[in-house]
Each structure stands twice: as structure tokens, then as C-alpha cells.
$ cat start_38.tsv   # TSV, C-alpha atoms
chain	number	residue	atom	x	y	z
B	1	MET	CA	-20.10	11.73	8.02
B	2	TYR	CA	-17.09	13.83	9.05
B	3	ARG	CA	-14.81	10.91	8.23
B	4	LYS	CA	-16.04	10.90	4.61
B	5	PHE	CA	-15.67	14.69	4.49
B	6	PHE	CA	-12.04	14.61	5.63
B	7	LYS	CA	-11.18	11.76	3.27
B	8	ARG	CA	-12.69	13.63	0.33
B	9	PHE	CA	-11.02	16.88	1.43
B	10	PHE	CA	-7.57	15.31	1.50
B	11	ASP	CA	-8.24	13.46	-1.78
B	12	VAL	CA	-8.99	16.73	-3.58
B	13	LEU	CA	-6.21	18.67	-1.85
B	14	LEU	CA	-3.44	16.12	-2.39
B	15	SER	CA	-4.52	15.15	-5.91
B	16	GLY	CA	-4.64	18.81	-6.95
B	17	CYS	CA	-1.19	19.42	-5.49
B	18	ALA	CA	0.16	16.25	-7.12
B	19	LEU	CA	-1.12	17.27	-10.55
B	20	ILE	CA	0.47	20.71	-10.19
B	21	LEU	CA	3.82	19.44	-8.88
B	22	LEU	CA	3.98	16.48	-11.25
B	23	SER	CA	2.76	18.34	-14.35
B	24	PRO	CA	6.28	18.34	-15.91
B	25	VAL	CA	6.49	14.57	-15.35
B	26	LEU	CA	3.00	14.07	-16.79
B	27	LEU	CA	4.01	16.03	-19.88
B	28	ILE	CA	7.27	14.11	-20.32
B	29	VAL	CA	5.52	10.74	-19.96
B	30	ALA	CA	2.76	11.82	-22.38
B	31	VAL	CA	5.35	12.83	-24.98
B	32	LEU	CA	7.31	9.60	-24.38
B	33	VAL	CA	4.21	7.45	-24.79
B	34	ARG	CA	3.16	9.35	-27.93
B	35	THR	CA	6.65	9.14	-29.45
B	36	LYS	CA	7.53	5.57	-28.50
B	37	LEU	CA	4.15	3.88	-28.27
B	38	GLY	CA	1.92	5.95	-30.54
B	39	SER	CA	-1.73	6.86	-30.02
B	40	PRO	CA	-3.77	6.83	-27.94
B	41	VAL	CA	-1.63	8.20	-25.12
B	42	ILE	CA	-4.32	7.68	-22.48
B	43	PHE	CA	-5.88	4.27	-21.91
B	44	CYS	CA	-9.51	4.57	-20.83
B	45	GLN	CA	-11.35	1.54	-19.47
B	46	GLU	CA	-14.71	1.06	-17.78
B	47	ARG	CA	-14.31	-0.29	-14.25
B	48	PRO	CA	-16.79	-1.09	-11.46
B	49	GLY	CA	-16.30	1.43	-8.65
B	50	LYS	CA	-18.06	1.98	-5.34
B	51	ASP	CA	-21.12	-0.27	-5.04
B	52	GLY	CA	-20.41	-1.58	-8.54
B	53	LYS	CA	-21.10	1.74	-10.27
B	54	ILE	CA	-19.26	1.86	-13.60
B	55	PHE	CA	-16.78	4.68	-14.20
B	56	LYS	CA	-14.04	5.40	-16.73
B	57	MET	CA	-10.54	4.90	-15.33
B	58	TYR	CA	-7.58	6.64	-16.96
B	59	LYS	CA	-3.99	5.45	-17.29
B	60	PHE	CA	-1.06	6.14	-19.56
B	61	ARG	CA	-1.11	3.39	-22.18
B	62	THR	CA	1.56	0.73	-21.77
B	63	MET	CA	-0.05	-2.17	-23.63
B	64	TYR	CA	-0.95	-2.95	-27.21
B	65	LEU	CA	-4.45	-1.96	-28.31
B	66	ASP	CA	-5.61	-5.59	-28.49
B	67	ALA	CA	-4.39	-6.41	-24.95
B	68	GLU	CA	-7.85	-7.34	-23.65
B	69	GLU	CA	-8.50	-9.71	-26.54
B	70	ARG	CA	-5.07	-11.30	-26.12
B	71	LYS	CA	-5.70	-11.79	-22.40
B	72	LYS	CA	-8.23	-14.52	-23.20
B	73	ALA	CA	-5.52	-16.58	-24.89
B	74	LEU	CA	-3.15	-16.04	-21.95
B	75	MET	CA	-5.51	-17.10	-19.16
B	76	GLU	CA	-3.70	-20.43	-18.75
B	77	GLN	CA	-0.65	-18.45	-17.61
B	78	ASN	CA	-2.66	-16.43	-15.09
B	79	ARG	CA	-0.96	-16.65	-11.68
B	80	VAL	CA	-4.35	-16.17	-9.98
B	81	SER	CA	-6.00	-19.53	-10.60
B	82	ASP	CA	-9.64	-18.55	-9.96
B	83	GLY	CA	-9.57	-15.88	-12.68
B	84	LEU	CA	-10.85	-13.16	-10.34
B	85	MET	CA	-7.73	-11.14	-11.08
B	86	PHE	CA	-5.19	-11.39	-13.91
B	87	LYS	CA	-1.47	-11.50	-13.22
B	88	MET	CA	1.29	-13.09	-15.26
B	89	GLU	CA	5.04	-12.92	-15.51
B	90	ASP	CA	6.66	-11.84	-18.78
B	91	ASP	CA	3.48	-10.30	-20.17
B	92	PRO	CA	3.86	-10.09	-23.99
B	93	ARG	CA	1.03	-7.53	-24.20
B	94	ILE	CA	3.27	-4.79	-22.78
B	95	ILE	CA	4.57	-2.53	-25.54
B	96	GLY	CA	8.24	-2.91	-26.38
B	97	SER	CA	8.65	-6.27	-24.66
B	98	HIS	CA	9.70	-9.33	-26.63
B	99	PHE	CA	11.35	-12.73	-26.37
B	100	ASP	CA	14.90	-13.03	-27.71
B	101	ALA	CA	16.32	-15.91	-29.73
B	102	ASN	CA	16.91	-17.91	-26.54
B	103	GLY	CA	13.31	-17.46	-25.39
B	104	LYS	CA	14.27	-14.97	-22.68
B	105	TYR	CA	11.79	-12.19	-21.95
B	106	VAL	CA	13.19	-8.73	-22.71
B	107	PRO	CA	11.29	-5.84	-21.03
B	108	GLY	CA	10.37	-2.77	-23.07
B	109	ILE	CA	9.52	0.88	-22.48
B	110	GLY	CA	6.04	-0.11	-21.30
B	111	ASN	CA	7.56	-2.25	-18.53
B	112	LEU	CA	9.66	0.69	-17.34
B	113	ILE	CA	6.64	3.02	-17.17
B	114	ARG	CA	4.71	0.40	-15.19
B	115	LYS	CA	7.62	-0.39	-12.87
B	116	LEU	CA	7.85	3.29	-11.90
B	117	SER	CA	4.02	3.45	-11.64
B	118	LEU	CA	4.01	6.40	-14.04
B	119	ASP	CA	1.06	4.86	-15.86
B	120	GLU	CA	-1.11	5.49	-12.77
B	121	PHE	CA	-0.66	9.29	-12.74
B	122	PRO	CA	-3.76	10.13	-14.84
B	123	GLN	CA	-5.85	8.55	-12.08
B	124	PHE	CA	-5.37	11.75	-10.08
B	125	PHE	CA	-8.04	13.13	-12.43
B	126	ASN	CA	-10.30	10.22	-11.45
B	127	VAL	CA	-9.83	11.25	-7.82
B	128	LEU	CA	-10.76	14.87	-8.56
B	129	LEU	CA	-13.86	13.64	-10.42
B	130	GLY	CA	-14.88	11.70	-7.33
B	131	ASP	CA	-14.78	8.23	-8.91
B	132	MET	CA	-11.66	7.16	-7.05
B	133	SER	CA	-9.78	7.92	-3.85
B	134	LEU	CA	-6.04	8.22	-3.31
B	135	VAL	CA	-6.20	5.19	-1.01
B	136	GLY	CA	-8.80	2.48	-1.46
B	137	THR	CA	-9.35	-0.93	-2.99
B	138	ARG	CA	-8.13	-2.24	-6.35
B	139	PRO	CA	-10.79	-1.55	-9.02
B	140	PRO	CA	-11.62	-4.82	-10.82
B	141	THR	CA	-12.27	-5.13	-14.53
B	142	VAL	CA	-15.88	-5.73	-15.61
B	143	ASP	CA	-15.24	-9.39	-16.45
B	144	GLU	CA	-13.60	-9.96	-13.06
B	145	TYR	CA	-16.51	-8.29	-11.27
B	146	GLU	CA	-19.01	-10.54	-13.04
B	147	LYS	CA	-17.31	-13.56	-11.41
B	148	TYR	CA	-17.48	-12.09	-7.88
B	149	LYS	CA	-19.28	-13.90	-5.09
B	150	LEU	CA	-21.15	-11.91	-2.44
B	151	HIS	CA	-18.22	-11.59	-0.02
B	152	HIS	CA	-15.98	-10.35	-2.86
B	153	LYS	CA	-18.38	-7.48	-3.54
B	154	ALA	CA	-17.91	-6.22	0.01
B	155	ARG	CA	-14.60	-4.71	-1.10
B	156	LEU	CA	-16.57	-2.35	-3.36
B	157	SER	CA	-18.30	-0.71	-0.39
B	158	ALA	CA	-15.50	1.89	-0.60
B	159	LYS	CA	-14.18	3.88	-3.54
B	160	PRO	CA	-11.37	2.22	-5.47
B	161	GLY	CA	-7.97	3.78	-4.87
B	162	ILE	CA	-4.83	4.62	-6.80
B	163	THR	CA	-3.03	2.76	-4.03
B	164	GLY	CA	-4.09	0.59	-1.12
B	165	MET	CA	-3.21	-2.27	1.19
B	166	TRP	CA	-2.68	-4.70	-1.68
B	167	GLN	CA	-0.28	-2.38	-3.51
B	168	VAL	CA	1.97	-1.90	-0.46
B	169	SER	CA	1.85	-5.51	0.74
B	170	GLY	CA	3.98	-7.10	-1.96
B	171	ARG	CA	1.45	-7.08	-4.81
B	172	SER	CA	3.79	-8.93	-7.16
B	173	ASP	CA	3.94	-11.85	-4.73
B	174	ILE	CA	0.21	-12.13	-3.98
B	175	THR	CA	-1.37	-14.77	-6.20
B	176	ASP	CA	-4.44	-15.68	-4.12
B	177	PHE	CA	-7.36	-13.31	-4.72
B	178	GLU	CA	-8.80	-14.14	-1.30
B	179	ASP	CA	-5.70	-12.51	0.22
B	180	VAL	CA	-6.50	-9.35	-1.74
B	181	VAL	CA	-10.08	-9.47	-0.46
B	182	LYS	CA	-8.87	-9.86	3.14
B	183	LEU	CA	-6.52	-6.89	2.81
B	184	ASP	CA	-9.22	-4.70	1.28
B	185	THR	CA	-11.97	-5.60	3.73
B	186	GLU	CA	-9.60	-5.16	6.67
B	187	TYR	CA	-8.69	-1.71	5.34
B	188	ILE	CA	-12.35	-0.71	5.00
B	189	LYS	CA	-13.21	-1.97	8.48
B	190	ASN	CA	-10.29	-0.17	10.18
B	191	TRP	CA	-10.07	2.95	8.00
B	192	SER	CA	-8.60	6.18	9.38
B	193	ILE	CA	-6.98	9.29	7.92
B	194	GLY	CA	-3.76	8.41	9.72
B	195	ARG	CA	-3.73	4.99	8.11
B	196	ASP	CA	-4.26	6.53	4.66
B	197	PHE	CA	-1.19	8.72	5.15
B	198	LYS	CA	0.86	5.70	6.25
B	199	ILE	CA	-0.20	3.80	3.10
B	200	LEU	CA	0.62	6.84	0.92
B	201	ALA	CA	4.07	7.09	2.54
B	202	LYS	CA	4.70	3.38	2.02
B	203	THR	CA	3.50	3.69	-1.59
B	204	VAL	CA	6.20	6.28	-2.26
B	205	GLN	CA	8.76	3.90	-0.75
B	206	VAL	CA	7.50	0.99	-2.89
B	207	VAL	CA	7.66	3.10	-6.08
B	208	LEU	CA	11.14	4.42	-5.33
B	209	THR	CA	12.57	1.00	-4.48
B	210	GLY	CA	10.57	-0.93	-7.08
B	211	LYS	CA	9.75	-3.55	-4.45
B	212	GLY	CA	6.36	-5.10	-5.07
B	213	SER	CA	5.72	-3.07	-8.22
B	214	MET	CA	4.02	-4.60	-11.25

$ encode --input "start_38.tsv" --output "C-alpha cells"
Amino acid sequence: MYRKFFKRFFDVLLSGCALILLSPVLLIVAVLVRTKLGSPVIFCQERPGKDGKIFKMYKFRTMYLDAEERKKALMEQNRVSDGLMFKMEDDPRIIGSHFDANGKYVPGIGNLIRKLSLDEFPQFFNVLLGDMSLVGTRPPTVDEYEKYKLHHKARLSAKPGITGMWQVSGRSDITDFEDVVKLDTEYIKNWSIGRDFKILAKTVQVVLTGKGSM
């Protein structure tokens, strides 16, 4: 019980401090998204959280409004073959990106926001609301969750996190969902406050260097 208390205590404390310290950045990104990408500024999507309970996850919008519909047509380019997670290179759904006359992918403003992980900042509010934790497992989309087998659902025995083992273990290079499951279940089994702080520190390093970022 005390372990859950300390995790929740640090979640609230650090998320509150982050929102205060990063408020100028949040404002700048919000204005940038509104000016360059239009409305809505915040992307809200229902995600299965702990024990499969649905919650609304918040992010700064970096994709076109029809991104989910367009994903269906792009499934053949999904780097995760079993469809339990969606990843693709040169994603045309990201706002500002396009292909030039030679067919080369040209990143846009949405790619920059995602590369710096600025789109994740609104999730600090999800942490304060108790739906997410600073460190946890990757929250799946509803359609991904519906394809889960029993051992996949074990990763939802903990709250989803803004960051986690997958994010700091070269997430751009992981294309096998079973590897994600192994990382998440290993994290849950061997959880400690000290480990959370190590993952948070490594997350900062990943964001600053851009290594492993989406």
C-alpha cells in the first residue's frame, strides 16, 4: 500500500511542479499549434487505462483531424505486423509533412513537436487527474486493445505512463509488440521509486538528444 502512496505522491508533486515550470512552454506550444495547425489545439482521445478502464488522454494536436480514418488505409505500411500497435516511417498524417517532387518525405511542424515530445505535455493533467502516472506502460488505442490476448492485458495492471521502459529503450527501433509487452511486464514486476526516477532521468536524455523519439 505504501508503495502506491509514494508513487501517487511523487506523480502529483512532480506533475504539479512540471506544469508550473513549463507553463511558458505550454503557452508557446499552444499558440504555435493554434497559429500553424489551427483548431483544436488539444487532441483528446479515449484510451484504455488501468484494468482496461477508459479515460480521456490529452495531447497537443500534431495530426490532421482525419488521422484515425486515414490510419486504416495505411495499415499495410505498419511496421508492427500484428497490428497491436501502429508505427510507420514518413507518416503523411502529421501536419505540415509532405512528399516533394522526387517522392522524398519532408517533415513539418508537427514532426518537430513530436520529436521534442512537446505534444505529450498536456498529459501532466492526466497524471493529476489520476488516470495516468509519470512512469508506466504505453496506453493502447481502443482498437489495439480489442485485439489483445490475455497476456497482453497484463500490461494494463498498472496505470499508463507519460514515459516508461518502452520509451527509453529505443522506441523507434522496436517493431515487435511482444518486446513492448516484455518491457512493460518486467517494469511492473520489478517496480520501485528509484527505478521510476532512473527512467525519468533517461527520458530527459532521450528528449534532449532525440535518440529513440517518435

$ closest_residue --input "start_38.tsv" --among "B:Met63, B:Val207, B:Leu156, B:Ile162" --to "Phe125 (chain B)" --atoms "only C-alpha atoms"
B:Ile162

$ atom_distance --input "start_38.tsv" --atom1 "CA of Val204 (chain B)" --atom2 "CA of Gln167 (chain B)"
10.9 Å

$ atom_distance --input "start_38.tsv" --atom1 "CA of Pro140 (chain B)" --atom2 "CA of Gly49 (chain B)"
8.1 Å

$ atom_distance --input "start_38.tsv" --atom1 "CA of Lys153 (chain B)" --atom2 "CA of Lys87 (chain B)"
19.9 Å

$ axis_aligned_box --input "start_38.tsv" --around "region 124-136 of chain B" --padding-each-side "6 Å" --output "JSON"
{"center_x": -10.1, "center_y": 8.7, "center_z": -6.7, "size_x": 21.5, "size_y": 24.4, "size_z": 23.4}

$ residues_around --input "start_38.tsv" --residues "region 34-45 of chain B" --least-positions-apart "5" --cutoff "7 Å" --atoms "only C-alpha atoms" --output "list in words"
Lys56, Met57, Tyr58, Lys59, Phe60, Arg61 and Ile95 of chain B

$ closest_atom_pairs --input "start_38.tsv" --of "region 111-198 of chain B" --to "region 11-31 of chain B" --cutoff "6 Å" --atoms "only C-alpha atoms" --output "Markdown table"
| residue | atom | partner | partner_atom | distance |
| --- | --- | --- | --- | --- |
| B:Phe124 | CA | B:Ser15 | CA | 5.4 |
| B:Leu128 | CA | B:Val12 | CA | 5.6 |
| B:Leu134 | CA | B:Asp11 | CA | 5.9 |

$ residues_around --input "start_38.tsv" --residues "Ile193 (chain B)" --least-positions-apart "3" --cutoff "9 Å" --atoms "only C-alpha atoms" --output "number ranges by chain"
B: 3, 6-7, 10, 196-198

$ write_last_selection --input "start_38.tsv" --atoms "C-alpha atoms" --output "tab-separated table (two decimals), in the coordinates of the input"
chain	number	residue	atom	x	y	z
B	3	ARG	CA	-14.81	10.91	8.23
B	6	PHE	CA	-12.04	14.61	5.63
B	7	LYS	CA	-11.18	11.76	3.27
B	10	PHE	CA	-7.57	15.31	1.50
B	196	ASP	CA	-4.26	6.53	4.66
B	197	PHE	CA	-1.19	8.72	5.15
B	198	LYS	CA	0.86	5.70	6.25

$ residues_around --input "start_38.tsv" --residues "Leu74 (chain B)" --least-positions-apart "6" --cutoff "12 Å" --atoms "all atoms listed in the file" --output "PyMOL selection string"
chain B and resi 67-68+83+86-93

$ residues_around --input "start_38.tsv" --residues "region 141-143 of chain B" --least-positions-apart "5" --cutoff "8 Å" --atoms "all atoms listed in the file" --output "PDB file with C-alpha atoms, keeping the file's coordinate frame"
ATOM      1  CA  GLU B  46     -14.710   1.060 -17.780  1.00  0.00           C
ATOM      2  CA  ARG B  47     -14.310  -0.290 -14.250  1.00  0.00           C
ATOM      3  CA  PRO B  48     -16.790  -1.090 -11.460  1.00  0.00           C
TER       4      PRO B  48
END

$ residues_around --input "start_38.tsv" --residues "Met165 (chain B)" --least-positions-apart "3" --cutoff "7 Å" --atoms "all atoms listed in the file" --output "list in words"
Val168, Ser169, Leu183, Asp184 and Tyr187 of chain B

$ closest_residue --input "start_38.tsv" --among "B:Asp100, B:Glu76, B:Glu178, B:Asp119" --to "Lys149 (chain B)" --atoms "only C-alpha atoms"
B:Glu178

$ closest_residue --input "start_38.tsv" --among "B:Thr62, B:Ser117, B:Asn190, B:Asn78" --to "Gly96 (chain B)" --atoms "all atoms listed in the file"
B:Thr62

$ closest_residue --input "start_38.tsv" --among "B:Gly164, B:Pro139, B:Met132, B:Phe177" --to "His151 (chain B)" --atoms "all atoms listed in the file"
B:Phe177
